[in-house]
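Everything below belongs to target07.json, which stores JSON, C-alpha atoms.
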[["chain", "number", "residue", "atom", "x", "y", "z"],
["V", 1, "GLY", "CA", -74.97, -162.75, 86.57],
["V", 2, "LYS", "CA", -77.91, -160.57, 85.76],
["V", 3, "THR", "CA", -77.28, -157.06, 84.51],
["V", 4, "LEU", "CA", -79.46, -153.97, 84.53],
["V", 5, "MET", "CA", -81.06, -153.18, 81.19],
["V", 6, "THR", "CA", -80.73, -149.73, 79.69],
["V", 7, "ASP", "CA", -83.85, -147.73, 80.50],
["V", 8, "ALA", "CA", -86.21, -147.78, 77.52],
["V", 9, "VAL", "CA", -88.48, -145.33, 79.26],
["V", 10, "GLN", "CA", -87.54, -142.46, 81.54],
["V", 11, "GLY", "CA", -87.31, -143.87, 85.03],
["V", 12, "ALA", "CA", -87.65, -147.45, 83.79],
["V", 13, "GLU", "CA", -86.46, -150.37, 85.85],
["V", 14, "SER", "CA", -85.57, -153.69, 84.29],
["V", 15, "PRO", "CA", -87.14, -156.92, 85.55],
["V", 16, "ALA", "CA", -83.74, -157.75, 86.99],
["V", 17, "ALA", "CA", -83.37, -154.52, 88.95],
["V", 18, "SER", "CA", -84.07, -156.24, 92.26],
["V", 19, "PRO", "CA", -82.59, -159.71, 92.69],
["V", 20, "GLY", "CA", -85.25, -162.34, 93.19],
["V", 21, "ALA", "CA", -88.21, -160.00, 92.79],
["V", 22, "PHE", "CA", -89.62, -158.29, 89.70],
["V", 23, "GLN", "CA", -90.14, -154.66, 90.60],
["V", 24, "GLY", "CA", -92.10, -153.68, 87.53],
["V", 25, "TYR", "CA", -91.06, -152.08, 84.27],
["V", 26, "GLY", "CA", -90.99, -148.32, 83.80],
["V", 27, "SER", "CA", -91.65, -145.54, 86.25],
["V", 28, "LYS", "CA", -94.86, -145.57, 88.32],
["V", 29, "GLY", "CA", -96.18, -142.65, 86.29],
["V", 30, "TYR", "CA", -95.55, -144.40, 83.00],
["V", 31, "ARG", "CA", -97.10, -147.64, 84.26],
["V", 32, "ALA", "CA", -100.18, -145.64, 85.24],
["V", 33, "TYR", "CA", -100.34, -144.21, 81.72],
["V", 34, "VAL", "CA", -100.01, -147.67, 80.17],
["V", 35, "LEU", "CA", -102.82, -148.99, 82.35],
["V", 36, "PHE", "CA", -105.02, -145.99, 81.53],
["V", 37, "ALA", "CA", -104.38, -146.52, 77.81],
["V", 38, "LEU", "CA", -105.22, -150.22, 78.02],
["V", 39, "VAL", "CA", -108.41, -149.50, 79.99],
["V", 40, "THR", "CA", -109.37, -147.09, 77.20],
["V", 41, "VAL", "CA", -108.70, -149.84, 74.67],
["V", 42, "TYR", "CA", -110.97, -152.20, 76.59],
["V", 43, "VAL", "CA", -113.66, -149.50, 76.80],
["V", 44, "PHE", "CA", -113.62, -149.17, 73.00],
["V", 45, "ASN", "CA", -113.55, -152.94, 72.72],
["V", 46, "PHE", "CA", -116.87, -153.17, 74.55],
["V", 47, "ILE", "CA", -118.38, -150.11, 72.91],
["V", 48, "ASP", "CA", -117.86, -151.63, 69.48],
["V", 49, "ARG", "CA", -118.95, -155.06, 70.68],
["V", 50, "VAL", "CA", -122.32, -154.17, 72.21],
["V", 51, "VAL", "CA", -123.43, -150.98, 70.46],
["V", 52, "ILE", "CA", -125.45, -153.14, 68.09],
["V", 53, "THR", "CA", -127.79, -154.09, 70.95],
["V", 54, "SER", "CA", -128.70, -150.41, 71.41],
["V", 55, "VAL", "CA", -129.57, -149.82, 67.76],
["V", 56, "GLN", "CA", -130.87, -153.19, 66.63],
["V", 57, "GLU", "CA", -134.53, -152.14, 66.60],
["V", 58, "LEU", "CA", -133.68, -149.53, 63.97],
["V", 59, "ILE", "CA", -131.72, -152.13, 62.00],
["V", 60, "LYS", "CA", -134.61, -154.57, 62.30],
["V", 61, "ASN", "CA", -137.01, -152.04, 60.79],
["V", 62, "ASP", "CA", -134.63, -150.98, 57.99],
["V", 63, "PHE", "CA", -133.75, -154.49, 56.86],
["V", 64, "GLN", "CA", -137.03, -156.17, 57.89],
["V", 65, "LEU", "CA", -135.26, -158.72, 60.08],
["V", 66, "SER", "CA", -136.57, -161.41, 62.38],
["V", 67, "ASP", "CA", -135.48, -161.74, 66.01],
["V", 68, "ALA", "CA", -133.50, -164.83, 65.00],
["V", 69, "GLN", "CA", -131.51, -162.75, 62.52],
["V", 70, "LEU", "CA", -130.87, -160.14, 65.19],
["V", 71, "GLY", "CA", -129.70, -162.93, 67.49],
["V", 72, "TYR", "CA", -127.19, -164.12, 64.91],
["V", 73, "LEU", "CA", -125.73, -160.61, 64.71],
["V", 74, "GLY", "CA", -125.10, -160.43, 68.44],
["V", 75, "GLY", "CA", -124.52, -164.14, 69.06],
["V", 76, "PRO", "CA", -122.84, -166.80, 66.89],
["V", 77, "THR", "CA", -121.64, -164.36, 64.21],
["V", 78, "PHE", "CA", -119.54, -162.61, 66.82],
["V", 79, "ALA", "CA", -118.93, -165.23, 69.48],
["V", 80, "ILE", "CA", -117.56, -168.19, 67.49],
["V", 81, "LEU", "CA", -114.47, -166.59, 65.96],
["V", 82, "TYR", "CA", -113.99, -164.30, 68.96],
["V", 83, "THR", "CA", -113.72, -167.36, 71.18],
["V", 84, "LEU", "CA", -111.65, -169.58, 68.92],
["V", 85, "LEU", "CA", -109.15, -166.96, 67.72],
["V", 86, "GLY", "CA", -108.30, -165.81, 71.24],
["V", 87, "ILE", "CA", -106.09, -168.88, 71.76],
["V", 88, "PRO", "CA", -103.85, -168.59, 68.66],
["V", 89, "ILE", "CA", -103.58, -164.82, 69.10],
["V", 90, "ALA", "CA", -102.52, -165.33, 72.72],
["V", 91, "ARG", "CA", -99.95, -167.83, 71.48],
["V", 92, "LEU", "CA", -98.73, -165.28, 68.94],
["V", 93, "ALA", "CA", -98.40, -162.68, 71.70],
["V", 94, "GLU", "CA", -96.11, -165.01, 73.66],
["V", 95, "LYS", "CA", -93.34, -164.68, 71.09],
["V", 96, "ASN", "CA", -94.01, -161.45, 69.19],
["V", 97, "ASN", "CA", -94.40, -157.73, 69.78],
["V", 98, "ARG", "CA", -97.63, -157.37, 71.73],
["V", 99, "THR", "CA", -98.17, -153.66, 71.16],
["V", 100, "THR", "CA", -98.02, -154.26, 67.41],
["V", 101, "ILE", "CA", -100.57, -157.09, 67.66],
["V", 102, "LEU", "CA", -102.80, -154.93, 69.84],
["V", 103, "GLY", "CA", -102.54, -151.90, 67.55],
["V", 104, "VAL", "CA", -103.39, -153.95, 64.46],
["V", 105, "CYS", "CA", -106.37, -155.58, 66.18],
["V", 106, "ILE", "CA", -107.72, -152.26, 67.47],
["V", 107, "GLY", "CA", -107.49, -150.83, 63.98],
["V", 108, "LEU", "CA", -109.25, -153.86, 62.48],
["V", 109, "TRP", "CA", -112.20, -153.98, 64.88],
["V", 110, "SER", "CA", -112.63, -150.18, 64.73],
["V", 111, "LEU", "CA", -112.63, -150.20, 60.94],
["V", 112, "MET", "CA", -115.12, -153.07, 60.87],
["V", 113, "THR", "CA", -117.37, -151.28, 63.37],
["V", 114, "ALA", "CA", -117.44, -148.23, 61.11],
["V", 115, "ALA", "CA", -118.10, -150.54, 58.15],
["V", 116, "CYS", "CA", -121.22, -151.82, 59.96],
["V", 117, "GLY", "CA", -122.63, -148.34, 59.43],
["V", 118, "MET", "CA", -122.15, -148.67, 55.69],
["V", 119, "ALA", "CA", -123.87, -152.05, 55.35],
["V", 120, "VAL", "CA", -126.53, -152.04, 52.64],
["V", 121, "ASN", "CA", -128.04, -155.42, 53.50],
["V", 122, "TYR", "CA", -128.11, -158.09, 56.18],
["V", 123, "SER", "CA", -125.34, -160.20, 54.61],
["V", 124, "MET", "CA", -122.94, -157.26, 54.60],
["V", 125, "LEU", "CA", -123.81, -156.50, 58.21],
["V", 126, "LEU", "CA", -123.09, -160.12, 59.15],
["V", 127, "ALA", "CA", -119.71, -159.95, 57.38],
["V", 128, "THR", "CA", -118.68, -156.75, 59.13],
["V", 129, "ARG", "CA", -119.71, -158.16, 62.51],
["V", 130, "ILE", "CA", -117.47, -161.15, 61.81],
["V", 131, "GLY", "CA", -114.67, -158.65, 61.12],
["V", 132, "VAL", "CA", -115.32, -156.98, 64.48],
["V", 133, "SER", "CA", -115.08, -160.35, 66.24],
["V", 134, "ILE", "CA", -111.76, -161.20, 64.56],
["V", 135, "GLY", "CA", -110.23, -157.89, 65.61],
["V", 136, "GLU", "CA", -111.58, -157.99, 69.16],
["V", 137, "ALA", "CA", -110.22, -161.50, 69.69],
["V", 138, "GLY", "CA", -106.80, -159.86, 69.71],
["V", 139, "GLY", "CA", -107.63, -157.29, 72.38],
["V", 140, "THR", "CA", -107.43, -158.92, 75.79],
["V", 141, "PRO", "CA", -104.65, -161.56, 75.32],
["V", 142, "PRO", "CA", -101.82, -159.12, 74.45],
["V", 143, "ALA", "CA", -103.18, -156.43, 76.79],
["V", 144, "GLN", "CA", -103.13, -158.71, 79.83],
["V", 145, "SER", "CA", -99.69, -159.98, 78.88],
["V", 146, "VAL", "CA", -98.38, -156.40, 78.68],
["V", 147, "ILE", "CA", -99.88, -155.60, 82.09],
["V", 148, "ALA", "CA", -98.20, -158.67, 83.59],
["V", 149, "ASP", "CA", -94.81, -157.47, 82.34],
["V", 150, "TYR", "CA", -95.28, -153.87, 83.49],
["V", 151, "PHE", "CA", -96.51, -154.53, 87.03],
["V", 152, "PRO", "CA", -94.87, -156.52, 89.84],
["V", 153, "ALA", "CA", -96.68, -159.63, 91.03],
["V", 154, "ASP", "CA", -98.19, -157.96, 94.10],
["V", 155, "LYS", "CA", -99.75, -155.24, 91.92],
["V", 156, "ARG", "CA", -101.04, -157.31, 89.01],
["V", 157, "ALA", "CA", -104.39, -158.28, 90.49],
["V", 158, "THR", "CA", -105.18, -154.60, 91.13],
["V", 159, "ALA", "CA", -103.99, -153.62, 87.64],
["V", 160, "LEU", "CA", -106.10, -156.34, 86.00],
["V", 161, "GLY", "CA", -109.09, -155.35, 88.14],
["V", 162, "ILE", "CA", -108.76, -151.76, 86.94],
["V", 163, "TYR", "CA", -108.34, -153.00, 83.36],
["V", 164, "SER", "CA", -111.62, -154.92, 83.70],
["V", 165, "LEU", "CA", -113.48, -151.66, 84.34],
["V", 166, "GLY", "CA", -113.48, -151.37, 80.57],
["V", 167, "VAL", "CA", -116.45, -153.77, 80.50],
["V", 168, "PRO", "CA", -119.04, -151.72, 82.46],
["V", 169, "ILE", "CA", -117.71, -148.37, 81.22],
["V", 170, "GLY", "CA", -117.73, -149.49, 77.59],
["V", 171, "SER", "CA", -121.19, -151.04, 77.90],
["V", 172, "MET", "CA", -122.55, -147.85, 79.45],
["V", 173, "LEU", "CA", -121.05, -145.59, 76.79],
["V", 174, "ALA", "CA", -122.31, -147.86, 74.01],
["V", 175, "ALA", "CA", -125.84, -147.65, 75.42],
["V", 176, "VAL", "CA", -125.80, -143.92, 76.11],
["V", 177, "GLY", "CA", -123.72, -142.73, 73.17],
["V", 178, "GLY", "CA", -124.84, -145.25, 70.60],
["V", 179, "GLY", "CA", -128.51, -144.95, 71.49],
["V", 180, "TYR", "CA", -128.46, -141.15, 71.54],
["V", 181, "ILE", "CA", -126.63, -140.82, 68.22],
["V", 182, "ALA", "CA", -128.87, -143.43, 66.61],
["V", 183, "ALA", "CA", -132.02, -141.66, 67.83],
["V", 184, "LYS", "CA", -130.82, -138.28, 66.55],
["V", 185, "LEU", "CA", -128.90, -139.18, 63.40],
["V", 186, "GLY", "CA", -129.59, -142.84, 62.63],
["V", 187, "TRP", "CA", -128.00, -146.18, 63.43],
["V", 188, "ARG", "CA", -125.40, -145.90, 60.68],
["V", 189, "ASP", "CA", -123.94, -142.74, 62.21],
["V", 190, "ALA", "CA", -123.78, -144.47, 65.59],
["V", 191, "PHE", "CA", -121.46, -147.13, 64.19],
["V", 192, "LEU", "CA", -119.33, -144.56, 62.37],
["V", 193, "ALA", "CA", -119.06, -142.21, 65.36],
["V", 194, "LEU", "CA", -118.08, -144.98, 67.78],
["V", 195, "GLY", "CA", -115.87, -146.95, 65.41],
["V", 196, "LEU", "CA", -113.65, -144.40, 63.68],
["V", 197, "PRO", "CA", -112.01, -142.94, 66.85],
["V", 198, "GLY", "CA", -110.55, -146.39, 67.47],
["V", 199, "LEU", "CA", -108.25, -145.90, 64.48],
["V", 200, "ILE", "CA", -106.60, -143.00, 66.31],
["V", 201, "LEU", "CA", -106.39, -145.10, 69.47],
["V", 202, "ALA", "CA", -104.63, -147.87, 67.53],
["V", 203, "ILE", "CA", -101.91, -145.43, 66.46],
["V", 204, "LEU", "CA", -101.52, -144.03, 69.98],
["V", 205, "VAL", "CA", -101.17, -147.49, 71.49],
["V", 206, "LYS", "CA", -98.47, -148.51, 69.04],
["V", 207, "THR", "CA", -96.51, -145.25, 69.27],
["V", 208, "THR", "CA", -96.74, -144.49, 73.00],
["V", 209, "ILE", "CA", -96.71, -147.88, 74.75],
["V", 210, "LYS", "CA", -93.27, -149.46, 74.89],
["V", 211, "GLU", "CA", -93.07, -153.21, 74.42],
["V", 212, "PRO", "CA", -91.88, -154.40, 77.84],
["V", 213, "PRO", "CA", -89.25, -157.09, 78.28],
["V", 214, "ARG", "CA", -90.60, -160.44, 79.41],
["V", 215, "ALA", "CA", -90.62, -160.61, 83.19],
["V", 216, "ALA", "CA", -90.53, -164.41, 83.24],
["V", 217, "GLU", "CA", -87.41, -166.40, 82.54],
["V", 218, "ALA", "CA", -86.93, -167.04, 78.85],
["V", 219, "GLY", "CA", -87.85, -170.51, 77.74],
["V", 220, "GLU", "CA", -90.04, -172.52, 75.47],
["V", 221, "ALA", "CA", -93.69, -172.10, 76.40],
["V", 222, "PRO", "CA", -95.73, -175.32, 76.63],
["V", 223, "ASN", "CA", -97.95, -176.04, 73.65],
["V", 224, "PHE", "CA", -101.73, -175.93, 73.86],
["V", 225, "LYS", "CA", -102.07, -179.65, 74.56],
["V", 226, "GLU", "CA", -99.56, -179.56, 77.41],
["V", 227, "ALA", "CA", -101.13, -176.45, 78.92],
["V", 228, "PHE", "CA", -104.62, -177.91, 78.73],
["V", 229, "GLN", "CA", -103.52, -181.19, 80.28],
["V", 230, "ALA", "CA", -102.04, -179.30, 83.22],
["V", 231, "LEU", "CA", -105.11, -177.09, 83.67],
["V", 232, "SER", "CA", -107.62, -179.89, 83.23],
["V", 233, "LYS", "CA", -106.34, -181.54, 86.40],
["V", 234, "LYS", "CA", -107.27, -178.50, 88.48],
["V", 235, "ALA", "CA", -110.85, -178.29, 89.76],
["V", 236, "ALA", "CA", -110.56, -174.52, 90.11],
["V", 237, "PHE", "CA", -109.97, -174.23, 86.35],
["V", 238, "TRP", "CA", -113.21, -176.05, 85.52],
["V", 239, "HIS", "CA", -115.19, -174.09, 88.10],
["V", 240, "ALA", "CA", -113.91, -170.77, 86.74],
["V", 241, "ALA", "CA", -114.34, -171.80, 83.09],
["V", 242, "MET", "CA", -117.85, -173.19, 83.49],
["V", 243, "GLY", "CA", -118.94, -170.33, 85.74],
["V", 244, "GLY", "CA", -117.60, -167.75, 83.32],
["V", 245, "ALA", "CA", -119.25, -169.51, 80.38],
["V", 246, "ALA", "CA", -122.62, -169.67, 82.16],
["V", 247, "ALA", "CA", -122.45, -166.00, 83.17],
["V", 248, "SER", "CA", -121.52, -164.92, 79.64],
["V", 249, "PHE", "CA", -124.18, -167.14, 78.06],
["V", 250, "THR", "CA", -126.98, -165.66, 80.13],
["V", 251, "GLY", "CA", -125.58, -162.13, 80.31],
["V", 252, "TYR", "CA", -125.12, -161.67, 76.58],
["V", 253, "GLY", "CA", -128.40, -163.45, 75.87],
["V", 254, "VAL", "CA", -130.39, -161.12, 78.11],
["V", 255, "GLY", "CA", -128.41, -158.04, 77.12],
["V", 256, "GLN", "CA", -129.01, -158.63, 73.43],
["V", 257, "PHE", "CA", -132.73, -157.89, 73.76],
["V", 258, "THR", "CA", -133.00, -155.63, 76.83],
["V", 259, "THR", "CA", -133.34, -152.44, 74.78],
["V", 260, "SER", "CA", -135.75, -154.17, 72.40],
["V", 261, "PHE", "CA", -137.86, -155.33, 75.35],
["V", 262, "PHE", "CA", -138.33, -151.81, 76.68],
["V", 263, "ILE", "CA", -139.08, -150.41, 73.23],
["V", 264, "ARG", "CA", -141.57, -153.12, 72.29],
["V", 265, "THR", "CA", -143.23, -153.79, 75.64],
["V", 266, "HIS", "CA", -143.11, -150.42, 77.37],
["V", 267, "LYS", "CA", -143.14, -148.24, 74.23],
["V", 268, "SER", "CA", -139.97, -146.49, 75.34],
["V", 269, "GLU", "CA", -138.25, -144.13, 72.93],
["V", 270, "LEU", "CA", -134.62, -144.84, 72.15],
["V", 271, "ALA", "CA", -133.25, -141.37, 72.96],
["V", 272, "ALA", "CA", -135.22, -141.15, 76.21],
["V", 273, "MET", "CA", -134.00, -144.58, 77.29],
["V", 274, "GLN", "CA", -130.35, -143.67, 76.89],
["V", 275, "LEU", "CA", -130.71, -140.41, 78.84]]

Taking this structure as input, can you express it in the form of structure tokens?
Amino acid sequence: GKTLMTDAVQGAESPAASPGAFQGYGSKGYRAYVLFALVTVYVFNFIDRVVITSVQELIKNDFQLSDAQLGYLGGPTFAILYTLLGIPIARLAEKNNRTTILGVCIGLWSLMTAACGMAVNYSMLLATRIGVSIGEAGGTPPAQSVIADYFPADKRATALGIYSLGVPIGSMLAAVGGGYIAAKLGWRDAFLALGLPGLILAILVKTTIKEPPRAAEAGEAPNFKEAFQALSKKAAFWHAAMGGAAASFTGYGVGQFTTSFFIRTHKSELAAMQL
């Protein structure tokens, strides 16, 4: 029969604590802390992802770039590896310590964001943006997996909804903070100021978030081909995937040049825009 696991966290409950129903791992207070920490991670994820859109007019002037070159910085340079690496990293998270994966990835994308501020030419800036994309590809897969193993099934949708608040909060802070710092101190300082704190966050995540036991029954996970074959037969999968892709395609495309539009067309000043 199933046995209770020794509490790894004060007040923790094992997935087997209630026969037939997963009651969540850890005390309610600790689960709240874990969720808060992961929301913070997602906030920094989006800050470091989109801050470039707030400062790109300054970068354009410094490096004498075309709009196409700016588009590469915010588009393919970031999106290709971010998209493709999410799958193998998610696969890695299925069998390995997720807090370690998350901590390493936070450290990588934060370091690469700070390195953007030290770029001396366009090629170096492209390379550091690629580094940001590689690190950020490892943000959401292990984070969502950790949430699933901390929260019972009837609480997961709420937990994931709260986690998703990282998107608007991070985007707002990148615009306000990044734009203000760039206007006052320069675009390089904006990258450094918003990137370096993530290194501290990486350490906190690894040292304060316990790796939860897997809530699901142990077993061999299906490979990518098997999983895709199962999903491809479901209309809802295609609707969600295509809808999400279309929303991201247009959203990121418009967002990339929104600040530039106001500066060029309406002669707005960067600091005034952010405040």

- Note on the structure: Shortest contact to Leu111 of chain V, candidates V:Pro212, V:Gly74, V:Pro222, V:Pro197, atoms counted only C-alpha atoms, goes to V:Pro197

- From atom CA of Arg188 of chain V to atom CA of Met118 of chain V the spacing works out at 6.6 Å

- Quick one: pull the distance between atom CA of Ile147 of chain V and atom CA of Gly29 of chain V, Å, one decimal. 14.1 Å

- Which polymer residues have any atom within 8 Å of an atom of Pro141 of chain V, counting all atoms listed in the file, with same-chain residues fewer than 5 positions away left out, as an NGL selection string? :V and (86 or 89-90 or 93)

- Interatomic distance between atom CA of Ala37 of chain V and atom CA of Thr99 of chain V?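 Separating atom CA of Ala37 of chain V from atom CA of Thr99 of chain V is a distance of 11.6 Å.
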
- Item | Top pick for closest residue to Gln256 of chain V, considering V:Val50, V:Val176, V:Ala235, V:Val41 and counting all atoms listed in the file |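 Result for the nearest residue to Gln256 of chain V: V:Val50.
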
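Nearest residue to Gly198 of chain V among V:Leu108, V:Val51, V:Ala79, V:Ala241 is V:Leu108, counting all atoms listed in the file.
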
- Task: Have a look at V:Leu231, V:Ala127, V:Leu102, V:Leu173 and name the one nearest to Glu211 of chain V; count all atoms listed in the file.
- Result: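 Ranked by minimum distance to Glu211 of chain V, first place goes to V:Leu102.
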
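Between Phe228 of chain V and the residues V:Val167, V:Ile52, V:Ile106, V:Ile87, the shortest atom-to-atom distance, using all atoms listed in the file, involves V:Ile87.
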
- Distance criterion (only C-alpha atoms): nearest to Met124 of chain V out of V:Phe262, V:Thr53, V:Phe63, V:Gly170: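 Of V:Phe262, V:Thr53, V:Phe63, V:Gly170, the one nearest Met124 of chain V, counting only C-alpha atoms, is V:Phe63.
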
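Those residues that approach Val43 of chain V to within 10 Å, counting all atoms listed in the file, are V:Ala37, V:Leu38, V:Val39, V:Thr40, V:Val41, V:Asn45, V:Phe46, V:Ile47, V:Asp48, V:Arg49, V:Tyr163, V:Ser164, V:Leu165, V:Gly166, V:Val167, V:Pro168, V:Ile169, V:Gly170, V:Ser171, V:Met172, V:Leu173, V:Ala174; same-chain residues fewer than 2 positions away are not listed.
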